[in-house]
$ cat coords-v3.txt   # compact mmCIF, C-alpha atoms (C1' of nucleotides)
# COMPACT_ATOMS: atom_id res chain seq x y z
CA MET B 1 58.95 150.34 117.10
CA VAL B 2 60.74 151.09 113.89
CA GLU B 3 60.18 148.40 111.28
CA ALA B 4 58.13 145.71 113.00
CA ASN B 5 55.55 143.29 111.70
CA ALA B 6 52.38 142.08 113.35
CA ASP B 7 52.73 138.39 112.36
CA GLU B 8 54.92 136.21 114.51
CA GLY B 9 58.50 136.23 113.31
CA THR B 10 57.68 137.36 109.81
CA VAL B 11 60.04 140.18 108.99
CA THR B 12 60.03 141.97 105.69
CA ARG B 13 63.59 142.88 104.93
CA HIS B 14 64.26 146.07 103.03
CA THR B 15 67.91 146.37 102.39
CA PRO B 16 68.90 149.08 104.88
CA GLN B 17 66.76 151.62 106.69
CA ASP B 18 64.47 153.65 104.52
CA PRO B 19 65.68 157.26 104.61
CA ARG B 20 68.44 156.33 102.18
CA PRO B 21 70.91 159.20 102.38
CA THR B 22 72.45 160.45 99.20
CA LEU B 23 75.98 159.42 98.44
CA ASP B 24 78.30 161.94 96.89
CA GLU B 25 81.26 161.37 94.62
CA VAL B 26 83.59 160.96 97.59
CA ASP B 27 81.50 158.09 98.92
CA ARG B 28 81.47 156.42 95.55
CA VAL B 29 85.23 156.66 95.20
CA LEU B 30 85.74 155.21 98.65
CA ALA B 31 83.33 152.34 98.06
CA GLU B 32 84.80 151.58 94.67
CA THR B 33 88.41 151.69 95.86
CA LEU B 34 87.58 149.46 98.78
CA ARG B 35 85.74 147.11 96.48
CA ARG B 36 88.86 146.72 94.44
CA ASP B 37 91.25 146.45 97.36
CA GLY B 38 89.62 145.73 100.68
CA ARG B 39 92.91 146.28 102.50
CA ALA B 40 93.60 149.69 101.05
CA THR B 41 94.92 151.89 103.84
CA ASN B 42 93.04 154.88 105.16
CA ALA B 43 95.74 157.15 103.73
CA THR B 44 95.40 155.60 100.27
CA LEU B 45 91.64 155.94 100.36
CA ALA B 46 91.89 159.55 101.49
CA LYS B 47 94.26 160.36 98.67
CA ALA B 48 92.05 158.61 96.11
CA ALA B 49 89.06 160.64 97.24
CA GLY B 50 90.96 163.88 97.68
CA ILE B 51 90.05 164.38 101.34
CA ALA B 52 91.89 164.55 104.64
CA GLU B 53 92.71 161.30 106.39
CA SER B 54 90.60 162.16 109.38
CA THR B 55 87.66 162.89 107.11
CA CYS B 56 88.23 159.57 105.44
CA THR B 57 88.03 157.72 108.73
CA ALA B 58 84.68 159.36 109.43
CA ARG B 59 83.37 158.72 105.93
CA LEU B 60 84.29 155.06 106.09
CA ARG B 61 82.52 154.64 109.38
CA ARG B 62 79.47 156.29 107.92
CA LEU B 63 79.47 154.02 104.87
CA GLN B 64 79.52 150.99 107.11
CA THR B 65 76.82 152.33 109.39
CA LEU B 66 74.60 153.10 106.43
CA GLY B 67 75.11 149.61 105.07
CA VAL B 68 76.71 150.83 101.86
CA VAL B 69 79.75 148.74 102.68
CA THR B 70 78.38 145.58 104.26
CA GLY B 71 81.66 143.86 104.85
CA VAL B 72 85.07 143.12 103.49
CA HIS B 73 86.20 139.60 102.89
CA ALA B 74 89.21 137.75 101.56
CA VAL B 75 88.65 135.56 98.53
CA VAL B 76 90.35 132.25 99.11
CA ASP B 77 91.29 129.34 96.88
CA HIS B 78 88.85 126.58 97.69
CA VAL B 79 91.08 123.91 96.24
CA ALA B 80 93.97 124.90 98.50
CA LEU B 81 91.62 124.88 101.46
CA GLY B 82 90.41 121.38 100.84
CA ARG B 83 87.12 122.02 99.07
CA PRO B 84 87.95 121.35 95.44
CA VAL B 85 84.41 120.58 94.30
CA GLU B 86 82.38 123.68 93.61
CA ALA B 87 78.78 123.58 92.46
CA LEU B 88 75.68 125.63 91.82
CA VAL B 89 72.48 123.95 92.88
CA SER B 90 69.13 125.17 91.56
CA VAL B 91 66.33 124.59 94.02
CA ARG B 92 62.63 124.61 93.23
CA PHE B 93 60.11 124.86 96.03
CA SER B 94 56.95 122.81 96.23
CA GLY B 95 54.76 125.36 97.95
CA GLN B 96 55.26 129.07 97.94
CA ARG B 97 54.86 129.74 101.61
CA ARG B 98 56.80 132.72 102.82
CA ARG B 99 57.86 130.87 105.94
CA ASP B 100 59.62 128.24 103.89
CA PHE B 101 61.63 130.84 102.07
CA GLU B 102 62.62 132.52 105.27
CA ARG B 103 63.68 129.30 106.93
CA LEU B 104 65.84 128.29 104.01
CA ARG B 105 67.32 131.75 103.83
CA ALA B 106 68.19 131.64 107.51
CA GLU B 107 69.46 128.09 107.72
CA LEU B 108 71.37 127.41 104.53
CA PRO B 109 74.05 130.09 104.93
CA MET B 110 75.03 128.51 108.24
CA LEU B 111 75.89 125.17 106.68
CA PRO B 112 79.58 124.48 106.08
CA GLY B 113 80.56 124.88 102.44
CA VAL B 114 77.75 127.23 101.49
CA LEU B 115 79.34 130.21 99.76
CA GLN B 116 76.38 132.17 98.47
CA LEU B 117 72.64 131.90 98.28
CA PHE B 118 70.55 133.61 95.63
CA HIS B 119 66.78 133.97 95.77
CA VAL B 120 65.77 134.28 92.14
CA SER B 121 62.80 134.69 89.87
CA GLY B 122 61.84 132.09 87.30
CA ALA B 123 61.33 128.37 87.33
CA ASN B 124 63.74 127.90 90.22
CA ASP B 125 63.49 129.67 93.52
CA TYR B 126 66.98 129.47 94.93
CA LEU B 127 70.46 129.03 93.63
CA VAL B 128 72.98 127.68 96.12
CA HIS B 129 76.69 128.10 95.55
CA VAL B 130 78.61 125.47 97.51
CA ALA B 131 82.15 124.18 97.88
CA ALA B 132 82.55 120.57 98.97
CA ARG B 133 85.46 118.40 99.98
CA SER B 134 84.53 115.72 97.47
CA THR B 135 81.80 114.73 95.06
CA SER B 136 80.30 112.41 97.63
CA GLU B 137 80.20 115.20 100.17
CA LEU B 138 78.44 117.30 97.56
CA ARG B 139 75.89 114.55 97.00
CA ASP B 140 75.30 114.25 100.73
CA PHE B 141 74.86 118.00 101.03
CA VAL B 142 72.24 118.11 98.30
CA LEU B 143 70.42 115.09 99.65
CA ASP B 144 70.53 116.08 103.30
CA HIS B 145 69.97 119.81 103.12
CA LEU B 146 68.16 120.46 99.87
CA THR B 147 66.31 117.50 98.40
CA GLY B 148 65.70 116.28 101.93
CA ARG B 149 63.64 119.31 102.88
CA PRO B 150 59.88 118.84 102.71
CA ASP B 151 59.44 122.22 101.04
CA VAL B 152 61.94 121.45 98.26
CA ALA B 153 60.44 119.92 95.15
CA HIS B 154 63.54 119.60 93.05
CA ALA B 155 67.26 120.30 93.11
CA GLU B 156 69.58 120.30 90.13
CA THR B 157 73.34 120.40 90.53
CA SER B 158 75.83 121.96 88.13
CA LEU B 159 79.55 121.76 88.67
CA VAL B 160 81.48 125.02 88.60
CA PHE B 161 84.46 124.70 86.28
CA ASP B 162 85.57 128.25 86.67
CA HIS B 163 84.54 131.28 88.66
CA VAL B 164 85.80 134.82 88.04
CA ARG B 165 85.03 138.18 89.59
CA GLY B 166 83.96 141.19 87.57
CA GLN B 167 86.73 143.72 87.09
CA ALA B 168 84.99 146.84 85.94
CA PRO B 169 84.04 149.55 88.42
CA LEU B 170 80.44 149.70 89.48
CA MET F 1 108.98 126.10 79.47
CA VAL F 2 106.81 125.43 82.42
CA GLU F 3 103.12 125.46 81.53
CA ALA F 4 102.98 126.56 77.90
CA ASN F 5 100.80 125.52 75.02
CA ALA F 6 101.73 125.05 71.38
CA ASP F 7 98.61 126.72 69.91
CA GLU F 8 98.62 130.49 69.59
CA GLY F 9 97.22 132.17 72.67
CA THR F 10 95.50 129.08 74.02
CA VAL F 11 96.40 128.82 77.67
CA THR F 12 95.20 126.06 79.91
CA ARG F 13 94.63 127.55 83.32
CA HIS F 14 95.26 125.40 86.36
CA THR F 15 94.37 127.32 89.45
CA PRO F 16 97.81 128.13 90.88
CA GLN F 17 101.17 126.57 90.10
CA ASP F 18 101.37 122.83 90.45
CA PRO F 19 103.66 122.05 93.41
CA ARG F 20 100.83 122.94 95.77
CA PRO F 21 102.47 123.38 99.15
CA THR F 22 100.74 122.00 102.17
CA LEU F 23 98.91 124.44 104.41
CA ASP F 24 99.05 123.91 108.14
CA GLU F 25 96.53 124.87 110.77
CA VAL F 26 98.02 128.36 111.11
CA ASP F 27 97.46 129.04 107.42
CA ARG F 28 93.90 127.84 107.67
CA VAL F 29 93.17 130.08 110.65
CA LEU F 30 94.66 133.08 108.88
CA ALA F 31 92.73 132.43 105.67
CA GLU F 32 89.52 131.84 107.57
CA THR F 33 89.87 134.90 109.77
CA LEU F 34 90.65 137.06 106.78
CA ARG F 35 87.72 135.56 104.94
CA ARG F 36 85.45 136.70 107.74
CA ASP F 37 87.03 140.11 108.20
CA GLY F 38 89.19 141.27 105.36
CA ARG F 39 90.36 144.29 107.35
CA ALA F 40 91.50 142.36 110.39
CA THR F 41 94.80 143.83 111.55
CA ASN F 42 98.04 141.91 111.47
CA ALA F 43 98.04 141.88 115.27
CA THR F 44 94.53 140.42 115.40
CA LEU F 45 95.40 137.74 112.89
CA ALA F 46 98.57 136.86 114.78
CA LYS F 47 96.63 136.50 118.01
CA ALA F 48 93.97 134.37 116.33
CA ALA F 49 96.61 132.03 114.96
CA GLY F 50 98.76 132.03 118.09
CA ILE F 51 101.92 133.27 116.38
CA ALA F 52 104.15 136.32 116.58
CA GLU F 53 103.18 139.38 114.59
CA SER F 54 106.31 139.24 112.51
CA THR F 55 105.60 135.61 111.64
CA CYS F 56 102.10 136.62 110.70
CA THR F 57 103.36 139.23 108.26
CA ALA F 58 105.48 136.59 106.55
CA ARG F 59 102.68 134.02 106.53
CA LEU F 60 100.25 136.45 104.99
CA ARG F 61 102.68 137.34 102.24
CA ARG F 62 103.17 133.66 101.56
CA LEU F 63 99.45 132.97 101.36
CA GLN F 64 99.05 135.71 98.80
CA THR F 65 102.05 134.58 96.79
CA LEU F 66 100.77 131.03 96.74
CA GLY F 67 97.38 132.21 95.56
CA VAL F 68 95.59 130.86 98.61
CA VAL F 69 94.28 134.36 99.27
CA THR F 70 93.52 135.78 95.84
CA GLY F 71 92.25 139.14 96.96
CA VAL F 72 90.21 140.98 99.50
CA HIS F 73 87.23 143.03 98.49
CA ALA F 74 84.54 145.12 100.10
CA VAL F 75 80.96 143.99 99.57
CA VAL F 76 78.87 147.00 98.66
CA ASP F 77 75.16 147.65 98.48
CA HIS F 78 74.29 147.77 94.82
CA VAL F 79 71.08 149.66 95.44
CA ALA F 80 72.90 152.45 97.25
CA LEU F 81 75.41 152.62 94.46
CA GLY F 82 72.81 153.05 91.76
CA ARG F 83 72.52 149.52 90.41
CA PRO F 84 69.32 148.26 91.97
CA VAL F 85 68.57 145.58 89.38
CA GLU F 86 70.49 142.39 89.97
CA ALA F 87 70.19 139.36 87.73
CA LEU F 88 71.61 135.97 86.92
CA VAL F 89 71.79 135.21 83.23
CA SER F 90 72.22 131.64 82.01
CA VAL F 91 74.07 131.46 78.73
CA ARG F 92 74.13 128.50 76.36
CA PHE F 93 76.73 128.34 73.63
CA SER F 94 76.02 127.29 70.07
CA GLY F 95 79.33 125.63 69.33
CA GLN F 96 81.75 124.26 71.85
CA ARG F 97 84.89 125.82 70.57
CA ARG F 98 87.44 126.44 73.26
CA ARG F 99 88.30 129.80 71.79
CA ASP F 100 84.74 131.03 72.30
CA PHE F 101 84.85 130.12 75.96
CA GLU F 102 88.12 131.86 76.45
CA ARG F 103 86.98 135.03 74.74
CA LEU F 104 83.83 135.24 76.80
CA ARG F 105 85.79 134.54 79.93
CA ALA F 106 88.22 137.31 79.13
CA GLU F 107 85.79 139.93 77.91
CA LEU F 108 82.70 139.66 80.10
CA PRO F 109 84.35 140.45 83.45
CA MET F 110 85.52 143.77 81.99
CA LEU F 111 82.01 144.99 81.27
CA PRO F 112 80.49 147.41 83.76
CA GLY F 113 77.98 145.75 86.05
CA VAL F 114 79.34 142.24 85.75
CA LEU F 115 79.82 140.93 89.27
CA GLN F 116 80.69 137.29 88.75
CA LEU F 117 81.00 134.80 85.95
CA PHE F 118 80.59 131.06 86.43
CA HIS F 119 81.54 128.46 83.86
CA VAL F 120 79.30 125.53 84.66
CA SER F 121 78.43 122.02 83.59
CA GLY F 122 74.98 121.07 82.37
CA ALA F 123 72.59 122.46 79.82
CA ASN F 124 73.96 125.96 80.20
CA ASP F 125 77.58 126.91 79.81
CA TYR F 126 77.89 130.17 81.69
CA LEU F 127 76.08 131.96 84.43
CA VAL F 128 76.55 135.71 84.55
CA HIS F 129 75.81 137.67 87.69
CA VAL F 130 75.13 141.31 86.83
CA ALA F 131 73.94 144.49 88.50
CA ALA F 132 72.24 147.06 86.29
CA ARG F 133 71.02 150.61 86.76
CA SER F 134 67.57 149.74 85.46
CA THR F 135 65.62 146.97 83.82
CA SER F 136 66.17 148.53 80.43
CA GLU F 137 69.89 148.65 81.03
CA LEU F 138 69.71 144.99 81.94
CA ARG F 139 67.89 144.21 78.71
CA ASP F 140 70.48 146.13 76.72
CA PHE F 141 73.29 144.29 78.47
CA VAL F 142 71.82 140.89 77.65
CA LEU F 143 71.07 141.86 74.06
CA ASP F 144 74.36 143.59 73.36
CA HIS F 145 76.81 141.40 75.20
CA LEU F 146 75.22 137.99 75.47
CA THR F 147 72.47 137.24 72.96
CA GLY F 148 74.29 139.45 70.51
CA ARG F 149 77.36 137.24 70.41
CA PRO F 150 77.53 134.84 67.48
CA ASP F 151 78.68 132.02 69.74
CA VAL F 152 75.76 132.42 72.15
CA ALA F 153 72.73 130.31 71.32
CA HIS F 154 70.49 131.32 74.18
CA ALA F 155 70.38 133.52 77.25
CA GLU F 156 67.84 133.33 80.05
CA THR F 157 67.56 136.05 82.68
CA SER F 158 66.45 135.60 86.27
CA LEU F 159 66.10 138.51 88.64
CA VAL F 160 67.92 138.25 91.96
CA PHE F 161 65.53 139.05 94.79
CA ASP F 162 68.01 138.39 97.51
CA HIS F 163 71.65 137.46 97.78
CA VAL F 164 73.37 136.33 100.98
CA ARG F 165 76.87 135.16 101.80
CA GLY F 166 77.62 131.89 103.51
CA GLN F 167 78.47 132.30 107.18
CA ALA F 168 80.04 129.02 108.18
CA PRO F 169 83.80 128.61 108.16
CA LEU F 170 85.26 126.73 105.24
C1' DA T 1 81.11 168.21 107.93
C1' DT T 2 86.16 169.02 107.42
C1' DT T 3 90.56 169.82 108.84
C1' DG T 4 95.61 169.52 110.89
C1' DA T 5 98.09 168.21 114.76
C1' DA T 6 98.93 165.33 118.58
C1' DA T 7 98.49 160.90 120.69
C1' DT T 8 97.91 156.08 119.92
C1' DA T 9 98.23 151.91 117.65
C1' DG T 10 99.97 148.98 114.02
C1' DC T 11 103.58 147.32 110.91
C1' DG T 12 107.84 145.46 108.93
C1' DT T 13 112.88 144.92 109.40
C1' DC T 14 116.49 142.61 111.52
C1' DA T 15 119.57 140.11 114.35
C1' DA T 16 119.27 136.01 117.01
C1' DT T 17 117.63 131.42 117.79
C1' DA A 1 110.98 129.14 109.98
C1' DT A 2 110.00 131.86 114.24
C1' DT A 3 110.64 135.27 117.45
C1' DG A 4 110.82 139.99 120.25
C1' DA A 5 112.43 144.50 120.08
C1' DC A 6 113.10 148.64 117.68
C1' DG A 7 112.16 152.33 114.42
C1' DC A 8 108.87 153.88 111.27
C1' DT A 9 104.22 154.55 109.32
C1' DA A 10 99.43 154.74 109.69
C1' DT A 11 95.20 155.75 112.14
C1' DT A 12 92.17 157.90 115.35
C1' DT A 13 90.84 161.41 118.44
C1' DC A 14 90.08 166.11 119.30
C1' DA A 15 89.80 171.08 119.29
C1' DA A 16 88.93 174.53 115.92
C1' DT A 17 86.81 176.16 111.71

$ encode --input "coords-v3.txt" --output "structure tokens"
Amino acid sequence: MVEANADEGTVTRHTPQDPRPTLDEVDRVLAETLRRDGRATNATLAKAAGIAESTCTARLRRLQTLGVVTGVHAVVDHVALGRPVEALVSVRFSGQRRRDFERLRAELPMLPGVLQLFHVSGANDYLVHVAARSTSELRDFVLDHLTGRPDVAHAETSLVFDHVRGQAPL
Amino acid sequence: MVEANADEGTVTRHTPQDPRPTLDEVDRVLAETLRRDGRATNATLAKAAGIAESTCTARLRRLQTLGVVTGVHAVVDHVALGRPVEALVSVRFSGQRRRDFERLRAELPMLPGVLQLFHVSGANDYLVHVAARSTSELRDFVLDHLTGRPDVAHAETSLVFDHVRGQAPL
DNA sequence: ATTGAAATAGCGTCAAT
DNA sequence: ATTGACGCTATTTCAAT
């Protein structure tokens, strides 16, 4: 048993496994380059980091295994794909039971239109980033999946007018 | 002149160019597959969409040109990369001058640590998603780049405990 | 762990439909 | 616009350091 918990189903999630190996400059260059262009070729990455291509292949595999690179994903235009209404919904919980948090965290990301889910400190507990096909679909989503939950005390919806990615290197 | 504006420098940004071409099922499959795995090979994508590889190459180029796929980026572990403190900062403006919005929108994404920037409706105007090396660096960021701005009336910082991506297809 | 070289797999061009 | 085949490039495996 590696990282188990006595209570039924309750798993405390620490980002990857504990013996966090040190990353050198090569790793950082690879991660950063791939963050900027997720389709950068192995040869490009190798050149950027100043290593052999075969080394690069191995390094990349390692970064994925370690959970330093958790995935690479295309960013798509929601309007073009039929979900022109984007919103951020702040959710406040009624209780503070750990189980409620875990259920929401597990279930919400599976729902169509959910882009991101933040668990945050402060007056609100969660922030849900969604893309909906219409304003009425957005309303239904909030009512059915957020306000409708017994553990949710309040939900407040803000429309997203604009959404841009950071450009600077990490 | 296609989409110009009389005022100096003031550009109204409509997501891509207006004659938005219709996307068929093939386009949607490609976008969706690439959204799930940004490093999917051309052959894989072609198979998923049921088209020839050469057609796939052309389709992909088209999707990028049209702005349907705006980029593909690796998701990295901020803790491993030395920025363990993640936060969402709500920013309220004092005035409502368009120029102020545009400046913030242009400048903030360039600052190191800024991950995303949302322009939202409601009591707050912007939501800034940042990753900092430490809590004190976070404080400095908010003071120097947000509260410090003359056009910013108020900034409220929430720590991000957890951040997950949506899993369902668009 | 890193490398270069050899084998494998993937890609884009093009002529044809 | 889509296709399959061909030539070219990129990637991975592997033996050696």

$ calpha_fit_and_write --input "coords-v3.txt" --fixed "chain F" --moving "chain B" --output "short mmCIF file (atom, residue, chain, number, x, y, z; two decimals) with C-alpha atoms, keeping the file's coordinate frame"
data_model
loop_
_atom_site.label_atom_id
_atom_site.label_comp_id
_atom_site.auth_asym_id
_atom_site.auth_seq_id
_atom_site.Cartn_x
_atom_site.Cartn_y
_atom_site.Cartn_z
CA MET B 1 109.17 127.85 79.79
CA VAL B 2 107.05 126.86 82.72
CA GLU B 3 103.45 126.23 81.73
CA ALA B 4 103.23 127.08 78.04
CA ASN B 5 101.09 125.71 75.26
CA ALA B 6 102.00 125.09 71.65
CA ASP B 7 98.76 126.46 70.12
CA GLU B 8 98.51 130.19 69.62
CA GLY B 9 97.07 131.90 72.66
CA THR B 10 95.41 128.81 74.04
CA VAL B 11 96.32 128.62 77.70
CA THR B 12 95.12 125.88 79.97
CA ARG B 13 94.59 127.42 83.35
CA HIS B 14 95.23 125.30 86.41
CA THR B 15 94.38 127.26 89.45
CA PRO B 16 97.83 128.10 90.81
CA GLN B 17 101.19 126.53 90.07
CA ASP B 18 101.34 122.79 90.42
CA PRO B 19 103.62 121.99 93.36
CA ARG B 20 100.79 122.88 95.72
CA PRO B 21 102.45 123.33 99.10
CA THR B 22 100.72 121.96 102.13
CA LEU B 23 98.91 124.38 104.36
CA ASP B 24 99.09 123.88 108.08
CA GLU B 25 96.58 124.83 110.73
CA VAL B 26 98.09 128.30 111.06
CA ASP B 27 97.47 128.99 107.38
CA ARG B 28 93.92 127.80 107.65
CA VAL B 29 93.21 130.02 110.63
CA LEU B 30 94.67 133.02 108.86
CA ALA B 31 92.71 132.39 105.67
CA GLU B 32 89.50 131.78 107.56
CA THR B 33 89.86 134.85 109.78
CA LEU B 34 90.62 137.00 106.78
CA ARG B 35 87.68 135.52 104.95
CA ARG B 36 85.43 136.63 107.74
CA ASP B 37 86.99 140.05 108.21
CA GLY B 38 89.18 141.20 105.37
CA ARG B 39 90.34 144.21 107.38
CA ALA B 40 91.45 142.26 110.41
CA THR B 41 94.73 143.74 111.60
CA ASN B 42 97.99 141.85 111.49
CA ALA B 43 98.03 141.79 115.29
CA THR B 44 94.54 140.29 115.44
CA LEU B 45 95.44 137.65 112.90
CA ALA B 46 98.63 136.79 114.76
CA LYS B 47 96.74 136.39 118.00
CA ALA B 48 94.07 134.24 116.34
CA ALA B 49 96.73 131.94 114.95
CA GLY B 50 98.90 131.97 118.04
CA ILE B 51 102.04 133.23 116.30
CA ALA B 52 104.26 136.29 116.49
CA GLU B 53 103.23 139.36 114.53
CA SER B 54 106.31 139.26 112.39
CA THR B 55 105.63 135.64 111.55
CA CYS B 56 102.11 136.59 110.65
CA THR B 57 103.30 139.21 108.20
CA ALA B 58 105.44 136.60 106.47
CA ARG B 59 102.68 134.00 106.47
CA LEU B 60 100.21 136.40 104.94
CA ARG B 61 102.61 137.30 102.18
CA ARG B 62 103.14 133.64 101.50
CA LEU B 63 99.41 132.93 101.31
CA GLN B 64 99.01 135.66 98.74
CA THR B 65 102.00 134.53 96.73
CA LEU B 66 100.72 130.98 96.68
CA GLY B 67 97.32 132.15 95.53
CA VAL B 68 95.54 130.82 98.59
CA VAL B 69 94.25 134.30 99.26
CA THR B 70 93.51 135.75 95.84
CA GLY B 71 92.26 139.10 96.98
CA VAL B 72 90.22 140.96 99.51
CA HIS B 73 87.25 143.00 98.50
CA ALA B 74 84.56 145.12 100.09
CA VAL B 75 80.99 144.01 99.55
CA VAL B 76 78.92 147.02 98.62
CA ASP B 77 75.21 147.72 98.44
CA HIS B 78 74.35 147.82 94.77
CA VAL B 79 71.15 149.72 95.36
CA ALA B 80 72.99 152.51 97.18
CA LEU B 81 75.50 152.64 94.36
CA GLY B 82 72.91 153.09 91.68
CA ARG B 83 72.59 149.56 90.35
CA PRO B 84 69.37 148.34 91.91
CA VAL B 85 68.60 145.65 89.34
CA GLU B 86 70.50 142.45 89.94
CA ALA B 87 70.18 139.41 87.72
CA LEU B 88 71.59 136.00 86.92
CA VAL B 89 71.76 135.24 83.24
CA SER B 90 72.16 131.65 82.03
CA VAL B 91 74.01 131.45 78.75
CA ARG B 92 74.05 128.49 76.39
CA PHE B 93 76.66 128.29 73.67
CA SER B 94 75.95 127.23 70.12
CA GLY B 95 79.26 125.56 69.39
CA GLN B 96 81.65 124.18 71.91
CA ARG B 97 84.82 125.71 70.64
CA ARG B 98 87.38 126.34 73.32
CA ARG B 99 88.24 129.70 71.84
CA ASP B 100 84.71 130.93 72.34
CA PHE B 101 84.79 130.03 75.99
CA GLU B 102 88.08 131.76 76.48
CA ARG B 103 86.96 134.92 74.75
CA LEU B 104 83.82 135.16 76.81
CA ARG B 105 85.76 134.45 79.96
CA ALA B 106 88.22 137.21 79.15
CA GLU B 107 85.79 139.83 77.91
CA LEU B 108 82.71 139.60 80.09
CA PRO B 109 84.36 140.39 83.43
CA MET B 110 85.55 143.69 81.98
CA LEU B 111 82.04 144.92 81.23
CA PRO B 112 80.55 147.38 83.72
CA GLY B 113 78.01 145.76 86.02
CA VAL B 114 79.35 142.23 85.72
CA LEU B 115 79.82 140.92 89.25
CA GLN B 116 80.67 137.28 88.75
CA LEU B 117 80.96 134.77 85.96
CA PHE B 118 80.52 131.05 86.45
CA HIS B 119 81.47 128.42 83.89
CA VAL B 120 79.20 125.51 84.70
CA SER B 121 78.31 122.01 83.65
CA GLY B 122 74.86 121.08 82.40
CA ALA B 123 72.48 122.48 79.86
CA ASN B 124 73.88 125.99 80.24
CA ASP B 125 77.50 126.90 79.85
CA TYR B 126 77.82 130.16 81.72
CA LEU B 127 76.02 131.96 84.46
CA VAL B 128 76.52 135.71 84.56
CA HIS B 129 75.78 137.69 87.69
CA VAL B 130 75.14 141.33 86.81
CA ALA B 131 73.97 144.53 88.47
CA ALA B 132 72.29 147.09 86.24
CA ARG B 133 71.10 150.64 86.70
CA SER B 134 67.64 149.81 85.40
CA THR B 135 65.67 147.04 83.76
CA SER B 136 66.23 148.58 80.37
CA GLU B 137 69.96 148.69 80.97
CA LEU B 138 69.75 145.03 81.90
CA ARG B 139 67.92 144.26 78.67
CA ASP B 140 70.52 146.15 76.67
CA PHE B 141 73.32 144.29 78.43
CA VAL B 142 71.83 140.90 77.63
CA LEU B 143 71.09 141.85 74.05
CA ASP B 144 74.39 143.57 73.34
CA HIS B 145 76.84 141.36 75.18
CA LEU B 146 75.21 137.97 75.47
CA THR B 147 72.46 137.24 72.96
CA GLY B 148 74.31 139.43 70.49
CA ARG B 149 77.36 137.19 70.41
CA PRO B 150 77.53 134.77 67.49
CA ASP B 151 78.65 131.95 69.77
CA VAL B 152 75.71 132.39 72.17
CA ALA B 153 72.67 130.30 71.36
CA HIS B 154 70.43 131.32 74.19
CA ALA B 155 70.33 133.54 77.26
CA GLU B 156 67.79 133.39 80.05
CA THR B 157 67.54 136.11 82.67
CA SER B 158 66.43 135.68 86.27
CA LEU B 159 66.09 138.59 88.63
CA VAL B 160 67.90 138.34 91.95
CA PHE B 161 65.52 139.16 94.78
CA ASP B 162 67.99 138.49 97.51
CA HIS B 163 71.63 137.54 97.79
CA VAL B 164 73.34 136.39 100.99
CA ARG B 165 76.83 135.21 101.81
CA GLY B 166 77.55 131.93 103.55
CA GLN B 167 78.44 132.35 107.21
CA ALA B 168 79.97 129.07 108.20
CA PRO B 169 83.73 128.61 108.17
CA LEU B 170 85.19 126.72 105.26
#

$ interface_residues --input "coords-v3.txt" --of "chain F" --to "chain T" --cutoff "10 Å" --atoms "all atoms listed in the file" --output "JSON, numbers by chain"
{"F": [41, 42, 43, 53, 54, 57, 58]}

$ atom_distance --input "coords-v3.txt" --atom1 "atom CA of Leu159 of chain B" --atom2 "atom CA of Leu117 of chain F"
13.4 Å

$ atom_distance --input "coords-v3.txt" --atom1 "atom CA of Gln167 of chain B" --atom2 "atom CA of Arg103 of chain F"
15.1 Å

$ atom_distance --input "coords-v3.txt" --atom1 "atom CA of Ser136 of chain B" --atom2 "atom CA of Val91 of chain B"
18.9 Å

$ closest_residue --input "coords-v3.txt" --among "B:His73, B:Arg97, B:Arg62, B:Arg105" --to "chain F" --atoms "only C-alpha atoms"
B:His73

$ residues_around --input "coords-v3.txt" --residues "segment 19-29 of chain B" --least-positions-apart "5" --cutoff "12 Å" --atoms "all atoms listed in the file" --output "PyMOL selection string"
(chain B and resi 14+34-36+44-52+55-69+169-170) or (chain F and resi 76-82)

$ interface_residues --input "coords-v3.txt" --of "chain F" --to "chain B" --cutoff "6 Å" --atoms "only C-alpha atoms" --output "short mmCIF file (atom, residue, chain, number, x, y, z; two decimals) with C-alpha atoms, in the coordinates of the input"
data_model
loop_
_atom_site.label_atom_id
_atom_site.label_comp_id
_atom_site.auth_asym_id
_atom_site.auth_seq_id
_atom_site.Cartn_x
_atom_site.Cartn_y
_atom_site.Cartn_z
CA LEU F 34 90.65 137.06 106.78
CA ARG F 35 87.72 135.56 104.94
CA ARG F 36 85.45 136.70 107.74
CA ASP F 37 87.03 140.11 108.20
CA GLY F 38 89.19 141.27 105.36
CA ARG F 39 90.36 144.29 107.35
CA VAL F 68 95.59 130.86 98.61
CA VAL F 69 94.28 134.36 99.27
CA THR F 70 93.52 135.78 95.84
CA GLY F 71 92.25 139.14 96.96
CA VAL F 72 90.21 140.98 99.50
CA HIS F 73 87.23 143.03 98.49
CA ALA F 74 84.54 145.12 100.10
CA VAL F 75 80.96 143.99 99.57
CA VAL F 76 78.87 147.00 98.66
CA ASP F 77 75.16 147.65 98.48
CA PRO F 109 84.35 140.45 83.45
CA MET F 110 85.52 143.77 81.99
CA LEU F 111 82.01 144.99 81.27
CA PRO F 112 80.49 147.41 83.76
CA GLY F 113 77.98 145.75 86.05
CA VAL F 114 79.34 142.24 85.75
CA LEU F 115 79.82 140.93 89.27
CA GLN F 116 80.69 137.29 88.75
CA LEU F 117 81.00 134.80 85.95
CA PHE F 118 80.59 131.06 86.43
CA HIS F 119 81.54 128.46 83.86
CA VAL F 120 79.30 125.53 84.66
CA SER F 121 78.43 122.02 83.59
CA GLY F 122 74.98 121.07 82.37
CA SER F 158 66.45 135.60 86.27
CA LEU F 159 66.10 138.51 88.64
CA VAL F 160 67.92 138.25 91.96
CA PHE F 161 65.53 139.05 94.79
CA ASP F 162 68.01 138.39 97.51
CA HIS F 163 71.65 137.46 97.78
CA VAL F 164 73.37 136.33 100.98
CA ARG F 165 76.87 135.16 101.80
CA GLY F 166 77.62 131.89 103.51
CA GLN F 167 78.47 132.30 107.18
CA ALA F 168 80.04 129.02 108.18
CA LEU F 170 85.26 126.73 105.24
#
